[in-house]
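Have a look at model-v4.csv below; it lists CSV, C-alpha atoms.
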chain,number,residue,atom,x,y,z
A,1,MET,CA,53.6,-13.1,-33.1
A,2,VAL,CA,51.8,-16.5,-32.6
A,3,ARG,CA,53.5,-16.9,-29.2
A,4,GLU,CA,52.4,-13.4,-28.1
A,5,GLY,CA,48.8,-14.2,-29.1
A,6,LEU,CA,48.9,-17.5,-27.2
A,7,THR,CA,50.3,-15.8,-24.1
A,8,ARG,CA,47.5,-13.2,-24.2
A,9,LYS,CA,44.8,-15.9,-24.5
A,10,LEU,CA,46.4,-17.8,-21.7
A,11,ALA,CA,46.4,-14.7,-19.5
A,12,LEU,CA,42.8,-14.0,-20.3
A,13,ARG,CA,41.8,-17.6,-19.5
A,14,ARG,CA,43.5,-17.3,-16.2
A,15,VAL,CA,41.7,-14.1,-15.3
A,16,LEU,CA,38.4,-15.8,-16.3
A,17,VAL,CA,39.1,-18.9,-14.2
A,18,PHE,CA,40.2,-16.7,-11.3
A,19,LEU,CA,37.0,-14.7,-11.5
A,20,PHE,CA,34.9,-17.8,-11.7
A,21,LEU,CA,36.6,-19.4,-8.7
A,22,LEU,CA,36.2,-16.1,-6.8
A,23,TRP,CA,32.5,-16.0,-7.6
A,24,ILE,CA,32.1,-19.7,-6.6
A,25,SER,CA,33.9,-19.1,-3.3
A,26,VAL,CA,31.8,-16.0,-2.5
A,27,TRP,CA,28.7,-17.9,-3.3
A,28,LEU,CA,29.7,-20.9,-1.2
A,29,SER,CA,30.7,-18.7,1.8
A,30,GLY,CA,27.1,-17.7,2.2
A,31,CYS,CA,27.3,-14.2,0.8
A,32,PHE,CA,24.1,-12.7,-0.4
A,33,LEU,CA,22.3,-9.5,-1.2
A,34,ILE,CA,18.5,-9.1,-0.7
A,35,SER,CA,16.3,-6.2,-1.5
A,36,ALA,CA,12.6,-6.1,-1.0
A,37,ASN,CA,9.8,-3.6,-1.4
A,38,TYR,CA,6.2,-3.7,-0.3
A,39,LYS,CA,3.4,-1.4,-1.2
A,40,MET,CA,-0.2,-1.6,0.1
A,41,GLY,CA,-3.2,0.4,-0.9
A,42,ASP,CA,-3.5,3.6,-3.0
A,43,THR,CA,-0.5,5.9,-3.4
A,44,ILE,CA,-0.8,9.5,-2.5
A,45,ASP,CA,1.7,11.6,-4.4
A,46,GLN,CA,2.2,15.1,-5.7
A,47,GLU,CA,0.3,14.2,-8.9
A,48,SER,CA,-2.8,13.2,-6.9
A,49,THR,CA,-2.9,16.6,-5.2
A,50,LYS,CA,-2.8,18.7,-8.4
A,51,ASN,CA,-6.6,18.9,-8.6
A,52,ILE,CA,-7.0,20.3,-5.1
A,53,HIS,CA,-7.7,24.0,-5.3
A,54,PRO,CA,-8.2,25.8,-2.0
A,55,GLY,CA,-11.4,27.9,-2.1
A,56,LYS,CA,-12.8,25.9,-5.0
A,57,THR,CA,-12.6,22.2,-4.3
A,58,VAL,CA,-15.3,20.8,-2.1
A,59,LYS,CA,-15.3,18.1,0.5
A,60,GLN,CA,-17.3,15.6,-1.6
A,61,GLU,CA,-14.7,15.8,-4.3
A,62,ILE,CA,-11.9,15.0,-1.8
A,63,LEU,CA,-13.9,12.0,-0.6
A,64,GLN,CA,-14.6,10.9,-4.1
A,65,TRP,CA,-10.9,11.1,-5.1
A,66,PHE,CA,-9.2,9.8,-2.0
A,67,GLY,CA,-11.9,7.8,-0.2
A,68,PRO,CA,-12.5,8.3,3.5
A,69,PRO,CA,-9.7,9.9,5.3
A,70,ILE,CA,-7.4,7.9,7.7
A,71,ALA,CA,-8.6,10.4,10.3
A,72,VAL,CA,-10.9,13.3,10.7
A,73,ALA,CA,-9.4,15.9,13.1
A,74,ARG,CA,-11.6,18.3,15.0
A,75,LYS,CA,-10.1,20.9,17.4
A,76,GLY,CA,-9.5,19.6,20.9
A,77,GLU,CA,-10.0,16.0,20.1
A,78,LEU,CA,-7.8,13.0,19.9
A,79,VAL,CA,-7.4,11.3,16.6
A,80,LYS,CA,-6.5,7.6,16.0
A,81,ILE,CA,-3.8,7.1,13.4
A,82,PRO,CA,-3.2,3.5,12.3
A,83,ARG,CA,0.5,2.4,12.5
A,84,LEU,CA,2.2,2.1,9.1
A,85,GLY,CA,4.4,-0.6,7.7
A,86,ALA,CA,4.2,-4.2,6.6
A,87,ASN,CA,4.2,-5.8,10.1
A,88,ARG,CA,2.8,-3.2,12.3
A,89,THR,CA,-0.7,-3.2,13.8
A,90,GLY,CA,-2.7,-1.0,16.1
A,91,TRP,CA,-2.8,2.8,16.1
A,92,ASP,CA,-1.5,5.8,17.9
A,93,GLU,CA,-3.6,8.5,19.5
A,94,ILE,CA,-2.5,12.0,18.5
A,95,GLN,CA,-3.8,15.3,19.7
A,96,SER,CA,-5.6,16.8,16.7
A,97,ASP,CA,-4.3,20.3,17.5
A,98,THR,CA,-0.9,19.3,16.0
A,99,PHE,CA,-2.7,19.0,12.6
A,100,PHE,CA,-4.3,22.4,13.0
A,101,GLU,CA,-1.0,23.9,13.9
A,102,LEU,CA,0.2,23.2,10.3
A,103,PHE,CA,-2.3,25.8,9.0
A,104,SER,CA,-2.3,28.3,12.0
A,105,SER,CA,0.2,30.6,10.5
A,106,LYS,CA,-1.6,31.0,7.2
A,107,GLN,CA,-5.1,31.8,8.2
A,108,PRO,CA,-7.4,32.2,11.2
A,109,LEU,CA,-8.9,28.9,12.3
A,110,THR,CA,-12.5,28.6,13.5
A,111,GLU,CA,-14.5,25.8,15.2
A,112,ASN,CA,-15.9,25.0,11.8
A,113,HIS,CA,-12.5,23.8,10.5
A,114,ILE,CA,-11.7,20.2,10.3
A,115,VAL,CA,-8.6,18.4,8.9
A,116,TYR,CA,-8.7,15.3,6.7
A,117,TYR,CA,-5.6,13.3,7.1
A,118,TYR,CA,-4.4,10.8,4.5
A,119,HIS,CA,-1.2,8.8,4.2
A,120,SER,CA,0.3,6.2,2.0
A,121,ALA,CA,3.4,4.1,2.6
A,122,GLU,CA,6.0,1.9,1.0
A,123,ASP,CA,8.4,-0.4,2.8
A,124,LYS,CA,11.8,-0.9,1.3
A,125,SER,CA,14.5,-3.1,2.8
A,126,THR,CA,17.9,-4.3,1.9
A,127,ALA,CA,20.2,-6.8,3.5
A,128,GLY,CA,23.6,-8.2,2.6
A,129,MET,CA,26.3,-10.5,3.9
A,130,PHE,CA,29.8,-10.6,2.6
A,131,VAL,CA,32.0,-13.3,4.2
A,132,VAL,CA,32.1,-12.0,7.8
A,133,TYR,CA,30.3,-8.7,7.4
A,134,ALA,CA,26.5,-8.4,7.5
A,135,HIS,CA,24.4,-5.4,7.1
A,136,GLY,CA,20.6,-4.8,6.8
A,137,GLU,CA,18.4,-1.8,6.7
A,138,GLY,CA,14.7,-1.0,6.2
A,139,LYS,CA,13.1,2.2,5.2
A,140,LEU,CA,9.5,3.2,5.4
A,141,SER,CA,8.6,6.0,3.0
A,142,VAL,CA,5.4,7.8,4.0
A,143,ASN,CA,3.6,10.4,2.0
A,144,LYS,CA,1.3,12.5,4.1
A,145,LEU,CA,-1.6,14.8,3.1
A,146,TRP,CA,-3.5,17.2,5.4
A,147,ILE,CA,-6.5,18.9,4.0
A,148,LEU,CA,-8.1,21.8,5.9
A,149,ILE,CA,-11.8,22.0,5.3
A,150,ASP,CA,-14.5,24.5,6.4
A,151,ASP,CA,-17.1,22.0,7.5
A,152,LYS,CA,-19.8,24.7,7.4
A,153,THR,CA,-19.4,25.5,3.7
A,154,GLY,CA,-17.8,22.2,2.7
A,155,VAL,CA,-15.0,24.0,0.8
A,156,VAL,CA,-11.3,23.2,1.1
A,157,ALA,CA,-9.5,26.0,2.8
A,158,ASP,CA,-5.9,24.8,2.4
A,159,PHE,CA,-3.9,21.6,2.1
A,160,LEU,CA,-0.4,20.4,2.8
A,161,PHE,CA,1.4,17.5,1.1
A,162,ARG,CA,4.6,16.1,2.5
A,163,PRO,CA,6.4,13.4,0.5
A,164,GLU,CA,9.2,11.4,2.0
B,165,MET,CA,42.1,-24.5,-31.7
B,166,ALA,CA,42.0,-26.6,-28.6
B,167,ALA,CA,42.5,-23.5,-26.4
B,168,GLN,CA,39.7,-21.7,-28.2
B,169,THR,CA,37.4,-24.6,-27.7
B,170,ARG,CA,38.3,-24.7,-24.0
B,171,ASN,CA,37.6,-20.9,-23.7
B,172,VAL,CA,34.2,-21.4,-25.3
B,173,LEU,CA,33.5,-24.3,-22.9
B,174,VAL,CA,34.5,-22.2,-19.9
B,175,TRP,CA,32.1,-19.4,-21.0
B,176,ILE,CA,29.3,-21.9,-21.6
B,177,MET,CA,29.8,-23.3,-18.1
B,178,ILE,CA,29.8,-19.8,-16.6
B,179,LEU,CA,26.6,-18.9,-18.4
B,180,GLN,CA,25.0,-22.2,-17.5
B,181,VAL,CA,25.8,-21.8,-13.8
B,182,GLY,CA,24.6,-18.2,-13.9
B,183,TYR,CA,21.4,-19.2,-15.6
B,184,PHE,CA,20.9,-22.0,-13.1
B,185,LEU,CA,21.3,-19.6,-10.2
B,186,SER,CA,19.1,-16.9,-11.5
B,187,GLY,CA,15.4,-16.9,-11.9
B,188,CYS,CA,12.1,-15.2,-11.3
B,189,MET,CA,9.5,-16.7,-9.0
B,190,PRO,CA,6.0,-15.1,-9.2
B,191,ARG,CA,3.9,-15.9,-6.1
B,192,LEU,CA,0.4,-17.0,-6.2
B,193,PRO,CA,-1.9,-13.9,-6.0
B,194,VAL,CA,-4.0,-13.8,-2.9
B,195,ARG,CA,-7.5,-12.3,-2.7
B,196,THR,CA,-9.3,-11.3,0.5
B,197,GLY,CA,-13.0,-10.6,0.2
B,198,LYS,CA,-15.3,-11.3,-2.7
B,199,LYS,CA,-14.5,-9.4,-5.9
B,200,ILE,CA,-16.7,-6.3,-6.3
B,201,GLN,CA,-18.1,-6.3,-9.8
B,202,GLU,CA,-19.1,-3.3,-11.8
B,203,ASP,CA,-22.5,-4.7,-12.6
B,204,GLN,CA,-23.2,-5.2,-8.9
B,205,LEU,CA,-22.5,-1.5,-8.3
B,206,GLN,CA,-24.8,-0.5,-11.2
B,207,ALA,CA,-27.6,-2.5,-9.6
B,208,LEU,CA,-27.4,-0.4,-6.4
B,209,ARG,CA,-30.3,2.1,-6.3
B,210,PRO,CA,-30.4,4.5,-3.3
B,211,GLY,CA,-33.8,4.5,-1.8
B,212,GLU,CA,-34.9,1.3,-3.6
B,213,THR,CA,-32.3,-1.4,-2.9
B,214,THR,CA,-33.0,-3.2,0.4
B,215,LYS,CA,-30.6,-4.5,3.0
B,216,LYS,CA,-31.6,-8.0,2.1
B,217,GLN,CA,-30.6,-7.4,-1.6
B,218,ILE,CA,-27.3,-6.1,-0.4
B,219,PHE,CA,-26.6,-9.3,1.5
B,220,GLY,CA,-27.7,-11.3,-1.5
B,221,GLN,CA,-25.3,-9.4,-3.8
B,222,PHE,CA,-22.2,-8.9,-1.6
B,223,GLY,CA,-22.6,-11.3,1.3
B,224,ALA,CA,-21.7,-10.4,4.8
B,225,PRO,CA,-19.9,-7.1,5.2
B,226,MET,CA,-16.4,-6.9,6.6
B,227,ALA,CA,-17.8,-4.4,9.2
B,228,ILE,CA,-21.0,-2.6,10.1
B,229,VAL,CA,-20.3,0.7,11.8
B,230,GLY,CA,-22.2,3.5,13.4
B,231,LYS,CA,-21.0,6.9,14.6
B,232,ASP,CA,-18.2,7.1,17.2
B,233,GLU,CA,-17.5,3.4,17.2
B,234,ILE,CA,-14.4,1.3,17.3
B,235,VAL,CA,-14.8,-1.9,15.3
B,236,ALA,CA,-12.6,-4.8,14.5
B,237,VAL,CA,-12.1,-5.4,10.7
B,238,LEU,CA,-10.2,-8.3,9.2
B,239,SER,CA,-7.1,-6.8,7.5
B,240,PRO,CA,-6.2,-8.2,4.0
B,241,THR,CA,-4.0,-11.2,3.6
B,242,ALA,CA,-1.0,-9.8,1.7
B,243,TRP,CA,2.4,-10.5,0.4
B,244,THR,CA,4.9,-8.4,2.4
B,245,GLY,CA,8.2,-8.6,0.7
B,246,ASN,CA,9.1,-12.3,1.1
B,247,HIS,CA,6.3,-13.7,3.2
B,248,LEU,CA,2.6,-13.9,3.3
B,249,LYS,CA,1.0,-11.8,6.1
B,250,ILE,CA,-2.2,-13.4,7.1
B,251,GLY,CA,-5.0,-11.0,7.8
B,252,ASN,CA,-6.0,-10.5,11.4
B,253,HIS,CA,-8.6,-8.4,13.1
B,254,GLU,CA,-7.6,-4.8,13.5
B,255,GLU,CA,-9.5,-2.1,15.3
B,256,ILE,CA,-10.6,0.9,13.2
B,257,ASP,CA,-12.3,4.2,14.0
B,258,SER,CA,-15.7,4.4,12.4
B,259,ASN,CA,-15.9,8.1,12.0
B,260,PRO,CA,-13.9,8.4,8.7
B,261,PHE,CA,-16.4,6.0,7.2
B,262,ILE,CA,-19.3,8.1,8.5
B,263,GLU,CA,-17.6,11.2,7.1
B,264,LEU,CA,-18.2,9.8,3.6
B,265,PHE,CA,-21.9,10.5,4.1
B,266,SER,CA,-21.6,13.7,6.0
B,267,ASP,CA,-23.7,15.6,3.5
B,268,HIS,CA,-26.5,13.1,4.2
B,269,PRO,CA,-28.8,13.7,7.2
B,270,LEU,CA,-27.8,10.9,9.6
B,271,SER,CA,-29.8,9.5,12.4
B,272,GLU,CA,-29.2,6.9,15.1
B,273,TYR,CA,-30.5,4.2,12.7
B,274,HIS,CA,-27.9,4.8,10.1
B,275,ARG,CA,-25.1,2.3,9.7
B,276,VAL,CA,-22.3,1.9,7.2
B,277,TYR,CA,-21.7,-1.5,5.7
B,278,TYR,CA,-18.1,-1.9,4.7
B,279,TYR,CA,-16.9,-4.3,2.0
B,280,TYR,CA,-13.5,-4.6,0.5
B,281,SER,CA,-11.7,-6.9,-2.0
B,282,SER,CA,-8.0,-7.0,-2.0
B,283,TRP,CA,-5.6,-8.5,-4.5
B,284,SER,CA,-2.0,-9.1,-3.5
B,285,THR,CA,0.8,-10.1,-5.8
B,286,GLY,CA,4.5,-10.7,-5.3
B,287,THR,CA,7.5,-11.7,-7.3
B,288,SER,CA,11.0,-12.7,-6.4
B,289,TYR,CA,14.0,-12.3,-8.8
B,290,PHE,CA,17.2,-14.1,-8.3
B,291,LEU,CA,20.6,-13.5,-9.9
B,292,PHE,CA,23.7,-15.1,-8.7
B,293,ILE,CA,24.0,-14.2,-5.0
B,294,GLY,CA,21.4,-11.5,-5.1
B,295,SER,CA,17.6,-11.4,-4.9
B,296,HIS,CA,14.9,-8.7,-5.2
B,297,GLU,CA,11.4,-9.2,-3.9
B,298,THR,CA,8.5,-7.0,-4.7
B,299,SER,CA,4.9,-7.1,-3.7
B,300,LYS,CA,1.8,-5.0,-4.2
B,301,THR,CA,-1.7,-5.1,-2.7
B,302,THR,CA,-4.6,-3.2,-4.3
B,303,LEU,CA,-7.8,-2.6,-2.4
B,304,ASP,CA,-11.2,-2.0,-3.9
B,305,ARG,CA,-13.5,-0.6,-1.2
B,306,LEU,CA,-17.3,-0.2,-0.9
B,307,TRP,CA,-19.2,1.7,1.8
B,308,ILE,CA,-23.0,1.4,1.8
B,309,LEU,CA,-25.2,3.6,4.0
B,310,ILE,CA,-28.2,1.6,5.4
B,311,ASN,CA,-31.1,2.9,7.4
B,312,GLU,CA,-31.7,0.1,9.8
B,313,LYS,CA,-35.2,1.4,10.6
B,314,THR,CA,-36.4,1.1,7.0
B,315,GLY,CA,-34.0,-1.5,5.9
B,316,MET,CA,-33.2,0.5,2.8
B,317,MET,CA,-29.9,1.5,1.2
B,318,GLU,CA,-29.7,5.3,1.1
B,319,ASP,CA,-26.3,5.9,-0.5
B,320,TYR,CA,-23.0,4.3,-1.3
B,321,HIS,CA,-19.4,5.1,-2.1
B,322,PHE,CA,-17.0,3.0,-4.1
B,323,LYS,CA,-13.2,3.5,-4.4
B,324,LYS,CA,-11.3,1.4,-6.8
B,325,GLY,CA,-7.8,0.5,-5.8
B,326,SER,CA,-4.9,1.8,-7.9
Any chance you could give the structure as structure tokens?
Amino acid sequence: MVREGLTRKLALRRVLVFLFLLWISVWLSGCFLISANYKMGDTIDQESTKNIHPGKTVKQEILQWFGPPIAVARKGELVKIPRLGANRTGWDEIQSDTFFELFSSKQPLTENHIVYYYHSAEDKSTAGMFVVYAHGEGKLSVNKLWILIDDKTGVVADFLFRPE
Amino acid sequence: MAAQTRNVLVWIMILQVGYFLSGCMPRLPVRTGKKIQEDQLQALRPGETTKKQIFGQFGAPMAIVGKDEIVAVLSPTAWTGNHLKIGNHEEIDSNPFIELFSDHPLSEYHRVYYYYSSWSTGTSYFLFIGSHETSKTTLDRLWILINEKTGMMEDYHFKKGS
């Protein structure tokens, strides 16, 4: 009985020592895991769009809640969209008609319609190395919000939120 | 008894090494721009406050924009994961700022003075062979509409960062 107990303790100790040595060898071989996330500015999410009611909400309320849009799109114009991400600078020029296209199937669009475009982003990255294998990946999650406004009346006609 | 003591010692050693290799490293927060105080905003009186008083309260703006302009604005210095990204001048389109005052009759003399104050924080966590880094930058922004002809402040918008 006593011998059995001692054997079990000895086996357990061997397992622990083995695990410890394994961990030390993994650590000394340069293995690592890194994850990072980066967030800048206000987040635009489903919750923040719940107060937008097409036909009721007005432009001034939108500006008050979200601040100035990233871009104001008017038909036939080019809009400048700043590049997103921790280490990206500059902007891309986009034909504003692509924004209007989002709403074209729902209602007739006039020259009075404008689109306010907002976005928010979060950068997430992970990297790992295990002995001779290394892997890394980064993901930029972008939430986008387009708000169609009748600029003549100042009333929100429709909106579209696309989370990522 | 001796075996039990050894086991305890092994566990203490493992925990000690683990404790030594783990940790949390908060990074020094970084601010860009002067902090915008609540009482400064309350002192703003459209039609009464002058441009001179604005400069006295908030200092030089990050940008002064008119309609259809492209202006260079200093971006905030911010922690981005594991390193500090120093702010640099980036071009922005002025029209979204002008849009804030679209209900206001605007003339060729109107300019928007743009101020911001950013606060960037970051923390690293270490545990054995792994680490996790997190950073967040909040931005308080203020836009003030000035009539350059009269030198008066006519309106303003403030957006607190979340």
Counting only C-alpha atoms, which residues of segment 222-277 of chain B fall within 7 Å of segment 308-322 of chain B, and what is the closest atom pair for each with its distance in Å at one decimal, ordered by chain and rising number, as a Markdown table?
| residue | atom | partner | partner_atom | distance |
| --- | --- | --- | --- | --- |
| B:Tyr273 | CA | B:Glu312 | CA | 5.2 |
| B:His274 | CA | B:Asn311 | CA | 4.6 |
| B:Arg275 | CA | B:Ile310 | CA | 5.3 |
| B:Val276 | CA | B:Leu309 | CA | 4.6 |
| B:Tyr277 | CA | B:Ile308 | CA | 5.0 |
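When atom CA of Ala127 of chain A is paired with atom CA of Ser299 of chain B, their separation reads 16.9 Å.
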How many Å lie between atom CA of Val58 of chain A and atom CA of Ile149 of chain A, rounded to one decimal?
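So the answer is 8.3 Å.
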Counting only C-alpha atoms, what are the residues of chain B within 9 Å of chain A, and for each of them which pair of atoms is the nearest and at what distance in Å, to one decimal? Sort the table by chain and rising number, as a tab-separated table.
residue	atom	partner	partner_atom	distance
B:Ala167	CA	A:Lys9	CA	8.2
B:Gln168	CA	A:Lys9	CA	8.6
B:Asn171	CA	A:Arg13	CA	6.8
B:Val174	CA	A:Val17	CA	8.0
B:Trp175	CA	A:Leu16	CA	8.6
B:Ile178	CA	A:Phe20	CA	7.3
B:Ala242	CA	A:Met40	CA	8.4
B:Trp243	CA	A:Tyr38	CA	7.8
B:Thr244	CA	A:Tyr38	CA	5.6
B:Gly245	CA	A:Ala36	CA	5.3
B:Asn246	CA	A:Ala36	CA	7.4
B:Lys249	CA	A:Asn87	CA	7.9
B:Glu254	CA	A:Gly90	CA	6.7
B:Glu255	CA	A:Gly90	CA	6.9
B:Ile256	CA	A:Pro82	CA	7.9
B:Asp257	CA	A:Lys80	CA	7.0
B:Asn259	CA	A:Val72	CA	7.3
B:Pro260	CA	A:Pro68	CA	5.4
B:Phe261	CA	A:Pro68	CA	5.8
B:Ile262	CA	A:Pro68	CA	8.4
B:Glu263	CA	A:Pro68	CA	6.9
B:Leu264	CA	A:Pro68	CA	5.9
B:Phe265	CA	A:Gln60	CA	8.9
B:Ser266	CA	A:Gln60	CA	8.9
B:Asp267	CA	A:Gln60	CA	8.2
B:Ser282	CA	A:Gly41	CA	8.9
B:Ser284	CA	A:Met40	CA	8.5
B:Gly286	CA	A:Tyr38	CA	8.8
B:Ser288	CA	A:Ala36	CA	8.7
B:Phe292	CA	A:Trp27	CA	7.9
B:Ile293	CA	A:Phe32	CA	4.8
B:Gly294	CA	A:Leu33	CA	4.5
B:Ser295	CA	A:Ile34	CA	4.9
B:His296	CA	A:Ser35	CA	4.7
B:Glu297	CA	A:Ala36	CA	4.4
B:Thr298	CA	A:Asn37	CA	4.9
B:Ser299	CA	A:Tyr38	CA	5.0
B:Lys300	CA	A:Lys39	CA	5.0
B:Thr301	CA	A:Met40	CA	4.7
B:Thr302	CA	A:Gly41	CA	5.1
B:Leu303	CA	A:Gly41	CA	5.7
B:Asp304	CA	A:Gly41	CA	8.9
B:Arg305	CA	A:Gly67	CA	8.6
B:His321	CA	A:Gln64	CA	7.8
B:Phe322	CA	A:Gly67	CA	8.0
B:Lys323	CA	A:Gly67	CA	6.1
B:Lys324	CA	A:Asp42	CA	9.0
B:Gly325	CA	A:Asp42	CA	6.0
B:Ser326	CA	A:Asp42	CA	5.4
So which residues touch Thr98 of chain A within 10 Å, counting all atoms listed in the file, skipping near sequence neighbours fewer than 5 positions away, as number ranges by chain?
A: 73, 75-76, 103-104
Measuring atom to atom with only C-alpha atoms, identify which of A:Glu111, A:Glu4, A:Asp45, A:Glu77 is nearest to Leu148 of chain A.
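Among the listed residues, the smallest separation from Leu148 of chain A belongs to A:Glu111.
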Work out how far apart atom CA of Pro269 of chain B and atom CA of Asp232 of chain B are and give it in Å to one decimal.
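Taking atom CA of Pro269 of chain B and atom CA of Asp232 of chain B, their separation equals 16.0 Å.
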Near Thr241 of chain B, within 9 Å and counting all atoms listed in the file, which residues show up once chain neighbours fewer than 6 positions away are dropped, as a count of residues only?
11
Restricting the calculation to all atoms listed in the file: of B:Met226, B:Tyr289, B:His268, B:Tyr280, which residue gets closest to Lys199 of chain B?
B:Tyr280
